file query07.txt (compact mmCIF, C-alpha atoms)
# COMPACT_ATOMS: atom_id res chain seq x y z
CA PRO A 221 128.32 5.39 103.15
CA GLU A 222 126.73 6.10 106.49
CA LYS A 223 126.08 9.77 107.32
CA MET A 224 127.85 11.01 110.48
CA SER A 225 125.94 12.69 113.28
CA SER A 226 126.82 16.26 114.15
CA SER A 227 128.43 15.22 117.46
CA ASP A 228 130.50 12.50 115.71
CA LEU A 229 131.64 15.05 113.15
CA ASP A 230 132.58 17.46 115.95
CA LYS A 231 134.58 14.72 117.69
CA ASP A 232 136.37 13.82 114.46
CA LEU A 233 137.17 17.46 113.74
CA LEU A 234 138.47 17.98 117.28
CA LYS A 235 140.64 14.88 116.99
CA ALA A 236 142.01 16.07 113.63
CA ALA A 237 142.59 19.57 115.01
CA THR A 238 144.44 18.23 118.06
CA LYS A 239 146.64 16.07 115.81
CA ALA A 240 147.37 18.97 113.46
CA LEU A 241 148.35 21.25 116.36
CA GLU A 242 150.61 18.53 117.77
CA ASP A 243 152.26 18.17 114.34
CA VAL A 244 152.82 21.93 114.17
CA GLU A 245 154.15 22.01 117.75
CA ASN A 246 156.58 19.19 116.97
CA GLY A 247 157.66 20.68 113.64
CA PHE A 248 161.24 21.73 113.02
CA ILE A 249 160.51 25.45 113.29
CA PHE A 250 159.39 25.11 116.92
CA LYS A 251 162.24 22.91 118.17
CA GLU A 252 164.25 25.75 119.69
CA GLU A 253 163.30 27.60 122.84
CA THR A 254 160.81 29.90 121.17
CA ASN A 255 157.96 29.77 123.65
CA LYS A 256 157.18 33.32 124.66
CA GLU A 257 154.61 34.63 127.03
CA PHE A 258 152.22 37.28 125.82
CA PRO A 259 149.97 39.61 127.78
CA SER A 260 146.29 38.76 127.63
CA PHE A 261 143.32 41.09 127.31
CA GLN A 262 139.64 40.74 128.08
CA ARG A 263 137.14 41.90 125.46
CA SER A 264 135.87 44.60 127.84
CA GLU A 265 139.37 46.13 127.90
CA LEU A 266 139.47 46.76 124.15
CA GLY A 267 137.70 49.45 122.18
CA LEU A 268 137.30 48.11 118.67
CA GLY A 269 137.30 50.30 115.59
CA PRO A 270 136.36 49.54 112.00
CA VAL A 271 136.90 46.22 110.24
CA LEU A 272 140.25 46.15 108.48
CA GLY A 273 139.66 42.90 106.62
CA ILE A 274 137.62 39.71 106.41
CA GLY A 275 138.93 36.28 105.50
CA GLY A 276 137.60 32.77 105.19
CA PHE A 277 137.33 32.22 108.95
CA CYS A 278 138.18 35.49 110.65
CA SER A 279 137.71 39.22 110.64
CA VAL A 280 140.30 41.78 111.69
CA LYS A 281 139.37 44.99 113.50
CA GLU A 282 141.57 47.81 114.68
CA ILE A 283 141.95 48.38 118.41
CA SER A 284 141.10 52.04 118.78
CA ALA A 285 141.24 52.28 122.59
CA THR A 286 142.14 50.31 125.69
CA LYS A 287 140.89 50.51 129.24
CA LEU A 288 142.77 48.07 131.43
CA GLN A 289 141.07 46.46 134.37
CA LYS A 290 143.05 45.48 137.43
CA LYS A 291 144.33 41.96 136.98
CA PRO A 292 145.16 39.72 139.92
CA PRO A 293 148.77 38.53 139.97
CA THR A 294 149.12 35.38 137.89
CA GLY A 295 151.70 33.93 140.24
CA ASP A 296 154.74 32.27 138.78
CA SER A 297 155.75 34.06 135.60
CA THR A 298 158.55 32.59 133.55
CA GLY A 299 158.64 34.95 130.58
CA PRO A 300 161.76 35.99 128.74
CA GLU A 301 164.16 38.03 130.80
CA GLU A 302 166.47 40.87 129.81
CA SER A 303 169.41 38.50 129.40
CA GLY A 304 167.40 36.36 126.98
CA LYS A 305 167.24 39.05 124.31
CA ASP A 306 167.81 37.96 120.76
CA GLU A 307 171.11 39.20 119.34
CA ASN A 308 169.37 39.97 116.05
CA LYS A 309 168.14 43.57 116.43
CA GLU A 310 165.58 43.18 113.64
CA CYS A 311 163.71 40.57 115.64
CA GLN A 312 163.53 42.55 118.86
CA SER A 313 160.39 44.41 119.74
CA ASP A 314 159.99 48.05 118.78
CA ASN A 315 159.95 48.63 122.52
CA ASP A 316 161.87 46.53 125.03
CA ASP A 317 158.92 46.75 127.45
CA HIS A 318 157.20 44.11 125.31
CA LEU A 319 159.80 41.62 126.54
CA ASP A 320 158.56 42.05 130.11
CA VAL A 321 155.21 40.28 130.31
CA ALA A 322 154.32 41.99 133.57
CA SER A 323 154.47 45.51 132.06
CA ALA A 324 153.53 44.68 128.47
CA ARG A 325 149.79 45.22 129.06
CA GLU A 326 150.41 48.76 130.29
CA THR A 327 152.84 49.49 127.46
CA ILE A 328 150.39 48.27 124.83
CA ALA A 329 147.58 50.30 126.41
CA LYS A 330 149.70 53.46 126.44
CA GLN A 331 150.85 52.95 122.85
CA CYS A 332 147.47 51.90 121.44
CA LEU A 333 147.42 54.93 119.15
CA ARG A 334 150.35 56.38 117.22
CA ASN A 335 149.81 59.86 115.77
CA GLY A 336 146.06 59.33 116.22
CA ASP A 337 146.00 56.06 114.25
CA ALA A 338 145.37 52.61 115.68
CA ARG A 339 148.61 50.70 116.17
CA TYR A 340 147.16 47.29 117.02
CA ALA A 341 144.50 45.02 115.57
CA ILE A 342 142.63 41.95 116.75
CA LYS A 343 141.80 38.90 114.68
CA ARG A 344 138.68 36.99 115.70
CA LEU A 345 136.56 34.20 114.32
CA ARG A 346 133.70 35.55 112.25
CA ASN A 347 130.29 35.47 113.92
CA ASP A 348 128.60 34.17 110.78
CA LEU A 349 130.59 30.93 110.38
CA PRO A 350 128.47 27.81 109.94
CA LYS A 351 128.90 25.30 112.75
CA THR A 352 130.75 22.95 110.40
CA LEU A 353 133.50 25.55 109.86
CA ILE A 354 133.98 26.75 113.45
CA THR A 355 136.42 23.97 114.40
CA ARG A 356 138.40 24.50 111.19
CA GLY A 357 138.48 28.23 111.91
CA ILE A 358 139.71 27.66 115.47
CA LEU A 359 142.44 25.36 114.18
CA ASP A 360 143.47 27.83 111.48
CA LEU A 361 143.65 30.69 113.99
CA ALA A 362 145.59 28.56 116.52
CA VAL A 363 148.18 27.49 113.94
CA GLU A 364 148.59 31.07 112.70
CA ALA A 365 149.05 32.32 116.27
CA LYS A 366 151.67 29.64 116.90
CA PHE A 367 153.63 30.70 113.82
CA LEU A 368 153.39 34.38 114.72
CA THR A 369 154.99 33.66 118.10
CA VAL A 370 158.22 32.58 116.40
CA LEU A 371 158.37 34.40 113.07
CA CYS A 372 160.28 37.61 112.78
CA HIS A 373 160.32 39.51 109.52
CA PRO A 374 159.83 43.20 108.73
CA ASN A 375 156.92 42.37 106.40
CA ILE A 376 155.07 40.11 108.85
CA ILE A 377 153.06 41.51 111.73
CA LYS A 378 154.24 40.85 115.27
CA MET A 379 151.98 39.22 117.80
CA ARG A 380 151.73 41.42 120.89
CA GLY A 381 148.98 39.82 122.97
CA LEU A 382 146.29 37.19 123.29
CA ALA A 383 142.60 37.19 124.07
CA GLU A 384 141.17 35.98 127.34
CA GLY A 385 138.04 33.92 126.94
CA ASP A 386 135.48 34.79 124.28
CA VAL A 387 136.85 37.91 122.62
call {"tool": "encode", "arguments": {"input": "query07.txt", "output": "structure tokens"}}
result
Amino acid sequence: PEKMSSSDLDKDLLKAATKALEDVENGFIFKEETNKEFPSFQRSELGLGPVLGIGGFCSVKEISATKLQKKPPTGDSTGPEESGKDENKECQSDNDDHLDVASARETIAKQCLRNGDARYAIKRLRNDLPKTLITRGILDLAVEAKFLTVLCHPNIIKMRGLAEGDV
């Protein structure tokens, strides 16, 4: 068998990743209107604390502080409105402000600590991943994020925000 070049391997991995994400997107669990908007944060807005855990592709650190920068208006926002609340109380946010994308950044920043302990964490690709695993790691993280946008269970963490750019 002929050995693939690095760029051919990257193209094949990207093609496979795109197909896998399309399959997840078209899966039965995502058929309903579950698309939510989440506030986004730049790396410079987050003060990161100690590592909470390390996995095959990612590391998780606590967010120990926030310092929001002024964000320009994003224009047309079509996030969930008050009337679109889920009837199931268990699946609603701890704080209704999280349903309003426009104020969620401020709410998260204000509630970053609870009784002196970090309330939020960030999951990022590990810096030490070999090039051959970066695409797989990106795919794994993207699929997990997609599932977290629709899952609601008391034993599963809730997704509260997304990273902007290279966090």
call {"tool": "residues_around", "arguments": {"input": "query07.txt", "residues": "Leu288 in chain A", "least_positions_apart": "2", "cutoff": "9 Å", "atoms": "all atoms listed in the file", "output": "list in words"}}
result
Phe261, Gln262, Ser264, Glu265, Leu266, Thr286, Lys290, Lys291, Arg325, Glu326 and Ala329 of chain A
call {"tool": "residues_around", "arguments": {"input": "query07.txt", "residues": "Gly273 in chain A", "least_positions_apart": "3", "cutoff": "12 Å", "atoms": "only C-alpha atoms", "output": "number ranges by chain"}}
result
A: 269-270, 276-282, 341-344, 346
call {"tool": "residues_around", "arguments": {"input": "query07.txt", "residues": "range 353-359 of chain A", "least_positions_apart": "6", "cutoff": "7 Å", "atoms": "only C-alpha atoms", "output": "JSON, numbers by chain"}}
result
{"A": [233, 234, 237, 277, 345]}
call {"tool": "atom_distance", "arguments": {"input": "query07.txt", "atom1": "CA of Asp348 in chain A", "atom2": "CA of Ile377 in chain A"}}
result
25.6 Å
call {"tool": "residues_around", "arguments": {"input": "query07.txt", "residues": "Leu368 in chain A", "least_positions_apart": "5", "cutoff": "9 Å", "atoms": "all atoms listed in the file", "output": "PyMOL selection string"}}
result
chain A and resi 363+376-379
call {"tool": "atom_distance", "arguments": {"input": "query07.txt", "atom1": "CA of Ala285 in chain A", "atom2": "CA of Glu364 in chain A"}}
result
24.5 Å
call {"tool": "atom_distance", "arguments": {"input": "query07.txt", "atom1": "CA of Leu241 in chain A", "atom2": "CA of Leu268 in chain A"}}
result
29.1 Å
call {"tool": "closest_residue", "arguments": {"input": "query07.txt", "among": "A:Ala362, A:Ile283, A:Pro374, A:Asp232", "to": "Arg334 in chain A", "atoms": "all atoms listed in the file"}}
result
A:Ile283
call {"tool": "axis_aligned_box", "arguments": {"input": "query07.txt", "around": "range 267-274 of chain A", "padding_each_side": "3 Å", "output": "lines of an AutoDock Vina configuration file"}}
result
center_x = 138.3
center_y = 45.0
center_z = 114.3
size_x = 9.9
size_y = 16.6
size_z = 21.8
call {"tool": "residues_around", "arguments": {"input": "query07.txt", "residues": "Thr369 in chain A", "least_positions_apart": "3", "cutoff": "7 Å", "atoms": "only C-alpha atoms", "output": "NGL selection string"}}
result
:A and (256 or 365-366 or 379)
